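Asks: Quick one: the structure is below, questions incoming.
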Amino acid sequence: MSRAYAQAASRSVNPTRYRTGGDFGPGERFGDGVGNGARAGAFDQTLMYTTVALVVVGLVSVFTASAAQADLETGNSLTLLFKQLISAVIGAGALVFFIGFPFERLKRLARPFSLVCVGLLLMTMFMGTTANGSERWIMLPFGFQFQPSDFAKVGAIALMAQATSERSIWSMGSWLNLLMVGMMIVLILQQPNLSVTMILGILTFAMMFVAGLSRSIVLGTLPFIVFLAYQKIRHTEYQWKRIVGWLDPWKDAQDAGYNLIQSYYAIGSGGLFGVGLGNSIQKLYYLPFQHTDFIFSVICEEWGFFGALIVMGLFALLGWRGFTIAWHCPSRFGKMLAFGLTLAIVLQAMINISVTIGLMPVTGVTLPLISYGGTSMIVTLAMIGMLLNISRTHPLPQPQEEF
C-alpha cells in the first residue's frame with residue numbers, strides 16, 4: 001500500500017486542470033467533498049459532520065465525567081464544561097480560519113512555526129507548570145494553561161510534509177527539517193512526555209515511508225529505536241512501573257495496576273447498553289483522570305458496548321475521510337500534510353482507547369475532541385480545518401480526461 005501511496009504522491013500535476021480552495025470566490029457553493037463528484041471548491045461534509053458529532057460527544061462526556069470533581073474542587077459542577085466549551089468555540093474559529101487559508105502557504109510557514117514551537121518547548125523547561133511528575137504546561141491568565149507539545153505535533157507534520165514533497169527526501173532542506181523535528185522530540189522527551197515523543201517518532205517514520213523511503217532503511221532502523229526506547233523505559237522508574245502494572249495489574253492493585261483495574265470495572269459495568277448518561281459509579285473518585293486519559297472508560301460505563309462502538313466508528317470515519325482526502329489531493333505537499341494530520345488524530349485515538357481497554361500500558365494520551373483539554377481541542381479542530389481546506393482541492397472534470 002505504501003508503494004502505491006508513494007506513486008500517487010509523486011504524480012505530476014497539470015496546473016491548468018486543478019484549482020486550490022483559495023482560488024474560489026464566495027459565489028461558488030460548498031458541496032459534498034473529495035472523490036464523490038462534487039465540484040471543485042467543496043469541502044468534505046462527511047468529515048465536518050463527523051467532527052461536530054465527536055465534539056458534541058466530548059462536551060457531554062466531559063460534563064458527566066467531571067461534574068462531581070468540579071463541584072468538589074470549585075463548588076460548581078459546570079466549571080470544567082465551561083472551560084471546554086470556550087476551547088471548542090475557539091477551536092471552531094480556528095477550523096473556519098484554516099478552511100479558508102490556502103494550505104500551500106503552510107509550506108512556507110512550516111519552519112518559522114516550528115521555531116516558535118521549539119521556543120515554547122524551551123519555555124516549559126524554565127517556567128512550565130509541573131503536574132504528575134511532568135513539566136508540560138505553561139500557565140495563562142484566568143486559570144487556563146496550554147501544552148506546547150500539541151502545537152509541536154502540527155509543526156512536525158508540516159516540516160515532514162515539506163520535506164517529503166521535495167524532489168529528494170535527502171536534500172539539505174529535508175535534513176534541516178528532520179533536525180528541527182529531532183529537536184522537538186528531544187525537548188518533549190525531557191519534560192518527560194514519552195507518549196507524545198512516541199507519536200512524533202511514528203509520524204516521522206510513517207510519512208517518510210509513504211513518501212518512498214526504502215523499506216530496508218525503516219526495518220534496519222526500527223530495532224535500534226526500539227532498543228533505545230526500552231533502555232529509556234527500563235531506567236525510568238515510573239515508566240517501568242507502568243509496564244509492570246500493565247502486564248499484571250492485580251499484582252499491585254493499589255498502586256501500579258490501580259488505574260487499569262478501575263478502567264476494567266467501568267467498562268465491565270457498562271455491559272451492552274450502559275448504566276445511563278450521568279450514572280457512572282467509577283467516575284466518583286474511583287477512576288483517576290476520568291475526564292482526561294480515561295474518559296473512554298466512563299463512556300463505556302454510561303453508554304455501554306454499543307455506545308463505545310459508535311465513538312470508535314466516528315474515529316474510523318474520520319480516518320477514512322482524512323486518508324481519502326490525502327489520496328485525491330493533486331498537490332504532493334497537500335497529500336503528505338493530509339496524511340500526517342489524519343494519522344496524528346487517528347493514532348492518538350487508537351493509543352488512548354488501547355490504554356483504556358488494556359492493550360497498552362498507561363501513557364497519558366488523551367482522546368482527541370473528547371477528553372478535557374483546551375489545547376488539544378483547539379489544535380485538533382485547527383488540524384481538521386486544514387484537512388477540510390485540502391479537501392477543496394481536487395480534479396476538475398475535463399471533457400477529455402485521461403485515465
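To be explicit about the labels: the chains of the C-alpha cells are called A, B, and onward in the order shown, and within each one the residues are counted from 1, while ligands get numbers from 1 in the order they are shown.
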Using only C-alpha atoms, what table do you get, as JSON lines, when you list each residue of segment 208-295 of chain A with an atom no more than 8 Å from segment 66-71 of chain A, its nearest pair of atoms, and their distance in Å rounded to one decimal, rows by chain then rising number?
Replies:
{"residue": "A:Lys283", "atom": "CA", "partner": "A:Ser66", "partner_atom": "CA", "distance": 7.8}
{"residue": "A:Leu284", "atom": "CA", "partner": "A:Ala68", "partner_atom": "CA", "distance": 6.7}
{"residue": "A:Tyr285", "atom": "CA", "partner": "A:Gln69", "partner_atom": "CA", "distance": 7.7}
{"residue": "A:Gln290", "atom": "CA", "partner": "A:Ser66", "partner_atom": "CA", "distance": 7.2}
{"residue": "A:His291", "atom": "CA", "partner": "A:Ser66", "partner_atom": "CA", "distance": 5.6}
Asks: Identify, on the basis of only C-alpha atoms, every residue whose closest approach to segment 308-325 of chain A does not exceed 6 Å; exclude the query and any residue fewer than 6 positions from it along the same chain; express the result as a PDB file with all heavy atoms, in the first residue's frame.
Replies:
ATOM      1  N   VAL A  34     -14.483  15.198  -1.218  1.00  0.00           N
ATOM      2  CA  VAL A  34     -13.495  14.577  -2.086  1.00  0.00           C
ATOM      3  C   VAL A  34     -13.989  13.278  -2.680  1.00  0.00           C
ATOM      4  O   VAL A  34     -14.574  12.448  -2.012  1.00  0.00           O
ATOM      5  CB  VAL A  34     -12.204  14.307  -1.282  1.00  0.00           C
ATOM      6  CG1 VAL A  34     -11.218  13.545  -2.122  1.00  0.00           C
ATOM      7  CG2 VAL A  34     -11.596  15.612  -0.828  1.00  0.00           C
ATOM      8  N   LEU A  47     -16.655  14.673   6.732  1.00  0.00           N
ATOM      9  CA  LEU A  47     -15.646  14.955   7.758  1.00  0.00           C
ATOM     10  C   LEU A  47     -16.141  16.031   8.715  1.00  0.00           C
ATOM     11  O   LEU A  47     -15.934  15.937   9.937  1.00  0.00           O
ATOM     12  CB  LEU A  47     -14.334  15.388   7.096  1.00  0.00           C
ATOM     13  CG  LEU A  47     -13.194  15.789   8.045  1.00  0.00           C
ATOM     14  CD1 LEU A  47     -12.823  14.626   8.963  1.00  0.00           C
ATOM     15  CD2 LEU A  47     -11.973  16.254   7.253  1.00  0.00           C
ATOM     16  N   CYS A 300     -17.811   3.997  28.138  1.00  0.00           N
ATOM     17  CA  CYS A 300     -18.174   2.576  28.114  1.00  0.00           C
ATOM     18  C   CYS A 300     -19.145   2.233  29.240  1.00  0.00           C
ATOM     19  O   CYS A 300     -20.081   1.443  29.049  1.00  0.00           O
ATOM     20  CB  CYS A 300     -16.917   1.708  28.222  1.00  0.00           C
ATOM     21  SG  CYS A 300     -15.841   1.738  26.783  1.00  0.00           S
ATOM     22  N   PHE A 339      -2.156  13.382   5.016  1.00  0.00           N
ATOM     23  CA  PHE A 339      -1.825  12.067   5.579  1.00  0.00           C
ATOM     24  C   PHE A 339      -1.318  12.205   7.012  1.00  0.00           C
ATOM     25  O   PHE A 339      -1.751  11.487   7.919  1.00  0.00           O
ATOM     26  CB  PHE A 339      -0.780  11.364   4.713  1.00  0.00           C
ATOM     27  CG  PHE A 339      -0.271  10.078   5.301  1.00  0.00           C
ATOM     28  CD1 PHE A 339      -1.005   8.914   5.194  1.00  0.00           C
ATOM     29  CD2 PHE A 339       0.940  10.051   5.981  1.00  0.00           C
ATOM     30  CE1 PHE A 339      -0.545   7.722   5.749  1.00  0.00           C
ATOM     31  CE2 PHE A 339       1.417   8.865   6.539  1.00  0.00           C
ATOM     32  CZ  PHE A 339       0.666   7.702   6.423  1.00  0.00           C
ATOM     33  N   THR A 342      -4.144  13.391   9.500  1.00  0.00           N
ATOM     34  CA  THR A 342      -5.102  12.314   9.773  1.00  0.00           C
ATOM     35  C   THR A 342      -4.480  11.242  10.654  1.00  0.00           C
ATOM     36  O   THR A 342      -5.094  10.790  11.634  1.00  0.00           O
ATOM     37  CB  THR A 342      -5.587  11.683   8.458  1.00  0.00           C
ATOM     38  OG1 THR A 342      -6.128  12.702   7.613  1.00  0.00           O
ATOM     39  CG2 THR A 342      -6.650  10.626   8.723  1.00  0.00           C
ATOM     40  N   SER A 391      -9.372  19.241   1.289  1.00  0.00           N
ATOM     41  CA  SER A 391     -10.434  18.501   0.600  1.00  0.00           C
ATOM     42  C   SER A 391     -11.099  19.332  -0.485  1.00  0.00           C
ATOM     43  O   SER A 391     -11.785  18.787  -1.352  1.00  0.00           O
ATOM     44  CB  SER A 391     -11.496  18.033   1.608  1.00  0.00           C
ATOM     45  OG  SER A 391     -12.346  19.102   2.015  1.00  0.00           O
TER      46      SER A 391
END
Asks: Taking into account only C-alpha atoms, which residue in the set A:Ser61, A:Thr366, A:Asn177, A:Ser376 is nearest to Phe146 of chain A?
Replies: A:Ser376
Asks: Using DSSP on the backbone, list every residue of segment 59-173 of chain A that comes out as helix (DSSP H, G or I), and give them as a PyMOL selection string.
Replies: chain A and resi 59-74+79-99+105-127+141-143+148-164+172-173
Asks: Under the rule that only C-alpha atoms are counted, which of A:Leu115, A:Val56, A:Leu219, A:Ala152 is the nearest residue to Val89 of chain A?
Replies: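 Between A:Leu115, A:Val56, A:Leu219, A:Ala152, the residue approaching Val89 of chain A most closely is A:Val56.
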Asks: Which residues, written as an mmCIF file with N, CA, C and O atoms, in the first residue's frame, have at least one atom at most 8 Å from segment 193-209 of chain A, with only C-alpha atoms counted and residues fewer than 3 positions away on the same chain left out?
Replies:
data_model
loop_
_atom_site.group_PDB
_atom_site.id
_atom_site.type_symbol
_atom_site.label_atom_id
_atom_site.label_comp_id
_atom_site.auth_asym_id
_atom_site.auth_seq_id
_atom_site.Cartn_x
_atom_site.Cartn_y
_atom_site.Cartn_z
ATOM 1 N N SER A 2 1.995 1.209 0.761
ATOM 2 C CA SER A 2 2.849 2.386 0.850
ATOM 3 C C SER A 2 3.468 2.719 -0.496
ATOM 4 O O SER A 2 3.649 3.890 -0.831
ATOM 5 N N SER A 134 5.462 15.673 35.422
ATOM 6 C CA SER A 134 5.879 16.163 34.104
ATOM 7 C C SER A 134 5.687 17.670 34.012
ATOM 8 O O SER A 134 4.703 18.216 34.517
ATOM 9 N N ARG A 136 4.872 20.045 31.455
ATOM 10 C CA ARG A 136 4.382 20.093 30.084
ATOM 11 C C ARG A 136 3.554 21.332 29.779
ATOM 12 O O ARG A 136 3.234 21.576 28.621
ATOM 13 N N SER A 149 3.461 20.926 23.409
ATOM 14 C CA SER A 149 3.701 19.717 22.613
ATOM 15 C C SER A 149 2.572 19.472 21.617
ATOM 16 O O SER A 149 2.793 18.833 20.574
ATOM 17 N N LYS A 153 3.245 18.933 17.461
ATOM 18 C CA LYS A 153 2.786 17.887 16.543
ATOM 19 C C LYS A 153 2.465 18.473 15.169
ATOM 20 O O LYS A 153 2.837 17.909 14.143
ATOM 21 N N ALA A 156 5.733 19.496 13.455
ATOM 22 C CA ALA A 156 6.464 18.337 12.924
ATOM 23 C C ALA A 156 5.806 17.809 11.656
ATOM 24 O O ALA A 156 6.496 17.444 10.688
ATOM 25 N N ILE A 157 4.484 17.754 11.644
ATOM 26 C CA ILE A 157 3.771 17.271 10.448
ATOM 27 C C ILE A 157 4.031 18.190 9.267
ATOM 28 O O ILE A 157 4.292 17.731 8.148
ATOM 29 N N MET A 160 7.589 17.667 8.008
ATOM 30 C CA MET A 160 7.751 16.421 7.267
ATOM 31 C C MET A 160 7.017 16.467 5.926
ATOM 32 O O MET A 160 7.466 15.883 4.938
ATOM 33 N N ALA A 161 5.867 17.157 5.884
ATOM 34 C CA ALA A 161 5.154 17.300 4.609
ATOM 35 C C ALA A 161 5.996 18.116 3.637
ATOM 36 O O ALA A 161 6.059 17.804 2.435
ATOM 37 N N THR A 164 9.043 15.796 2.572
ATOM 38 C CA THR A 164 8.682 14.690 1.682
ATOM 39 C C THR A 164 8.062 15.173 0.375
ATOM 40 O O THR A 164 7.801 14.358 -0.508
ATOM 41 N N ILE A 185 11.441 16.521 19.411
ATOM 42 C CA ILE A 185 11.313 15.218 20.060
ATOM 43 C C ILE A 185 12.160 15.163 21.332
ATOM 44 O O ILE A 185 11.705 14.697 22.386
ATOM 45 N N VAL A 186 13.396 15.657 21.261
ATOM 46 C CA VAL A 186 14.284 15.640 22.427
ATOM 47 C C VAL A 186 13.723 16.514 23.545
ATOM 48 O O VAL A 186 13.721 16.122 24.726
ATOM 49 N N ILE A 188 10.587 17.373 24.086
ATOM 50 C CA ILE A 188 9.373 16.761 24.651
ATOM 51 C C ILE A 188 9.745 15.571 25.535
ATOM 52 O O ILE A 188 9.139 15.343 26.584
ATOM 53 N N LEU A 189 10.757 14.814 25.111
ATOM 54 C CA LEU A 189 11.200 13.680 25.915
ATOM 55 C C LEU A 189 11.740 14.128 27.265
ATOM 56 O O LEU A 189 11.613 13.415 28.266
ATOM 57 N N GLN A 190 12.316 15.339 27.318
ATOM 58 C CA GLN A 190 12.881 15.838 28.564
ATOM 59 C C GLN A 190 11.828 16.302 29.556
ATOM 60 O O GLN A 190 12.144 16.539 30.727
ATOM 61 N N GLY A 212 8.198 7.162 0.133
ATOM 62 C CA GLY A 212 9.115 6.388 -0.685
ATOM 63 C C GLY A 212 10.412 5.996 -0.014
ATOM 64 O O GLY A 212 11.319 5.483 -0.680
ATOM 65 N N LEU A 213 10.531 6.222 1.294
ATOM 66 C CA LEU A 213 11.740 5.796 1.994
ATOM 67 C C LEU A 213 11.912 4.286 1.888
ATOM 68 O O LEU A 213 10.957 3.536 2.025
ATOM 69 N N SER A 214 13.135 3.861 1.631
ATOM 70 C CA SER A 214 13.409 2.443 1.445
ATOM 71 C C SER A 214 12.953 1.615 2.645
ATOM 72 O O SER A 214 13.201 1.985 3.798
ATOM 73 N N ARG A 215 12.301 0.504 2.346
ATOM 74 C CA ARG A 215 11.845 -0.393 3.414
ATOM 75 C C ARG A 215 13.022 -0.935 4.216
ATOM 76 O O ARG A 215 12.916 -1.146 5.428
ATOM 77 N N VAL A 218 13.943 1.524 6.919
ATOM 78 C CA VAL A 218 12.977 1.512 8.020
ATOM 79 C C VAL A 218 13.190 0.284 8.899
ATOM 80 O O VAL A 218 13.287 0.377 10.124
ATOM 81 N N MET A 336 0.781 14.866 1.539
ATOM 82 C CA MET A 336 1.534 14.433 2.707
ATOM 83 C C MET A 336 1.050 15.131 3.978
ATOM 84 O O MET A 336 1.035 14.531 5.059
ATOM 85 N N PHE A 339 -2.156 13.382 5.016
ATOM 86 C CA PHE A 339 -1.825 12.067 5.579
ATOM 87 C C PHE A 339 -1.318 12.205 7.012
ATOM 88 O O PHE A 339 -1.751 11.487 7.919
ATOM 89 N N GLY A 340 -0.400 13.140 7.230
ATOM 90 C CA GLY A 340 0.170 13.320 8.561
ATOM 91 C C GLY A 340 -0.856 13.792 9.577
ATOM 92 O O GLY A 340 -0.900 13.294 10.709
ATOM 93 N N LEU A 343 -3.257 10.841 10.331
ATOM 94 C CA LEU A 343 -2.594 9.799 11.114
ATOM 95 C C LEU A 343 -2.401 10.250 12.558
ATOM 96 O O LEU A 343 -2.570 9.453 13.490
ATOM 97 N N ALA A 344 -2.069 11.524 12.765
ATOM 98 C CA ALA A 344 -1.852 12.023 14.124
ATOM 99 C C ALA A 344 -3.109 11.894 14.972
ATOM 100 O O ALA A 344 -3.057 11.449 16.122
ATOM 101 N N LEU A 347 -4.077 8.003 15.267
ATOM 102 C CA LEU A 347 -3.095 7.299 16.089
ATOM 103 C C LEU A 347 -3.286 7.629 17.566
ATOM 104 O O LEU A 347 -3.256 6.730 18.418
ATOM 105 N N GLN A 348 -3.521 8.900 17.872
ATOM 106 C CA GLN A 348 -3.735 9.279 19.271
ATOM 107 C C GLN A 348 -5.002 8.642 19.824
ATOM 108 O O GLN A 348 -5.023 8.185 20.973
ATOM 109 N N THR A 363 -0.258 5.626 29.229
ATOM 110 C CA THR A 363 0.664 6.546 28.562
ATOM 111 C C THR A 363 0.371 8.013 28.823
ATOM 112 O O THR A 363 1.213 8.859 28.594
ATOM 113 N N GLY A 364 -0.829 8.360 29.240
ATOM 114 C CA GLY A 364 -1.159 9.769 29.441
ATOM 115 C C GLY A 364 -1.602 10.473 28.189
ATOM 116 O O GLY A 364 -1.578 11.708 28.124
ATOM 117 N N VAL A 365 -2.035 9.728 27.166
ATOM 118 C CA VAL A 365 -2.525 10.312 25.921
ATOM 119 C C VAL A 365 -4.037 10.482 26.024
ATOM 120 O O VAL A 365 -4.748 9.563 26.412
#
Asks: Identify, on the basis of only C-alpha atoms, every residue whose closest approach to Ser263 of chain A does not exceed 9 Å; exclude the query and any residue fewer than 6 positions from it along the same chain; express the result as a compact mmCIF listing (two decimals) with C-alpha atoms, in the first residue's frame.
Replies:
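Dumped to result29.txt:
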# COMPACT_ATOMS: atom_id res chain seq x y z
CA GLN A 282 -16.37 4.71 38.73
CA LEU A 287 -11.28 6.07 38.34
CA PRO A 288 -8.34 8.52 38.11
CA PHE A 294 -9.77 7.57 30.95
CA PHE A 296 -13.46 6.43 27.24
CA SER A 297 -13.92 4.19 30.29
CA VAL A 298 -16.72 6.47 31.51
CA THR A 356 -8.27 2.12 28.37
CA ILE A 357 -9.00 -1.49 27.44
CA GLY A 358 -5.59 -2.80 28.49
Asks: Using atom CA of Leu80 of chain A and atom CA of Met125 of chain A as the two end points, give the distance in Å to one decimal.
Replies: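 Result for atom CA of Leu80 of chain A versus atom CA of Met125 of chain A: 26.7 Å, one decimal.
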Asks: Atom CA of Val226 of chain A to atom CA of Leu122 of chain A: how many Å, to one decimal?
Replies: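 Going from atom CA of Val226 of chain A over to atom CA of Leu122 of chain A, I get 26.2 Å.
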Asks: So which bits of segment 120-313 of chain A end up strand (DSSP E) when you DSSP the backbone, as a list in words?
Replies: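 Restricting segment 120-313 of chain A to strand (DSSP E) produces Thr129, Thr130, Ala131, Ser134, Glu135, Arg136, Trp137, Ile138, Met139, Gln145 and Phe146 of chain A.
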Asks: Can you pull out the residues contacting Ser114 of chain A? Cut-off 9 Å, using only C-alpha atoms, and skip same-chain residues under 4 positions away; I want them as a list in words.
Replies: Leu109, Ala110, Val118, Gly119, Phe151, Ala152, Val154, Gly155, Ala156, Ala158, Leu159, Met180, Val181 and Met184 of chain A
Asks: Output N, CA and C atoms of each residue in that selection to a file, as a compact mmCIF listing (two decimals), in the first residue's frame.
Replies:
# COMPACT_ATOMS: atom_id res chain seq x y z
N LEU A 109 5.42 28.45 5.91
CA LEU A 109 5.35 28.78 7.33
C LEU A 109 5.83 27.65 8.23
N ALA A 110 6.13 26.48 7.65
CA ALA A 110 6.46 25.30 8.45
C ALA A 110 7.65 25.56 9.36
N VAL A 118 9.62 25.22 19.12
CA VAL A 118 10.85 24.91 19.86
C VAL A 118 11.03 25.91 21.01
N GLY A 119 10.75 27.20 20.75
CA GLY A 119 10.85 28.20 21.79
C GLY A 119 9.88 27.94 22.94
N PHE A 151 1.10 21.84 19.85
CA PHE A 151 1.48 22.64 18.70
C PHE A 151 2.66 22.01 17.96
N ALA A 152 3.56 21.39 18.74
CA ALA A 152 4.73 20.76 18.13
C ALA A 152 4.34 19.64 17.17
N VAL A 154 1.77 19.61 15.16
CA VAL A 154 1.43 20.26 13.89
C VAL A 154 2.70 20.73 13.19
N GLY A 155 3.62 21.32 13.97
CA GLY A 155 4.87 21.76 13.38
C GLY A 155 5.65 20.62 12.76
N ALA A 156 5.73 19.50 13.46
CA ALA A 156 6.46 18.34 12.92
C ALA A 156 5.81 17.81 11.66
N ALA A 158 3.96 19.51 9.51
CA ALA A 158 4.21 20.47 8.42
C ALA A 158 5.65 20.35 7.91
N LEU A 159 6.60 20.20 8.82
CA LEU A 159 8.00 20.03 8.41
C LEU A 159 8.20 18.78 7.57
N MET A 180 15.05 19.76 12.93
CA MET A 180 14.11 20.51 13.75
C MET A 180 13.10 19.58 14.43
N VAL A 181 12.65 18.57 13.69
CA VAL A 181 11.75 17.58 14.29
C VAL A 181 12.47 16.85 15.43
N MET A 184 12.52 18.95 18.57
CA MET A 184 11.24 18.94 19.28
C MET A 184 11.05 17.62 20.03
Asks: Using only C-alpha atoms, which of the listed residues (A:Leu277, A:Leu121, A:Ala338, A:Val62) sits closest to Arg392 of chain A?
Replies: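 Using only C-alpha atoms, Arg392 of chain A sits closest to A:Ala338.
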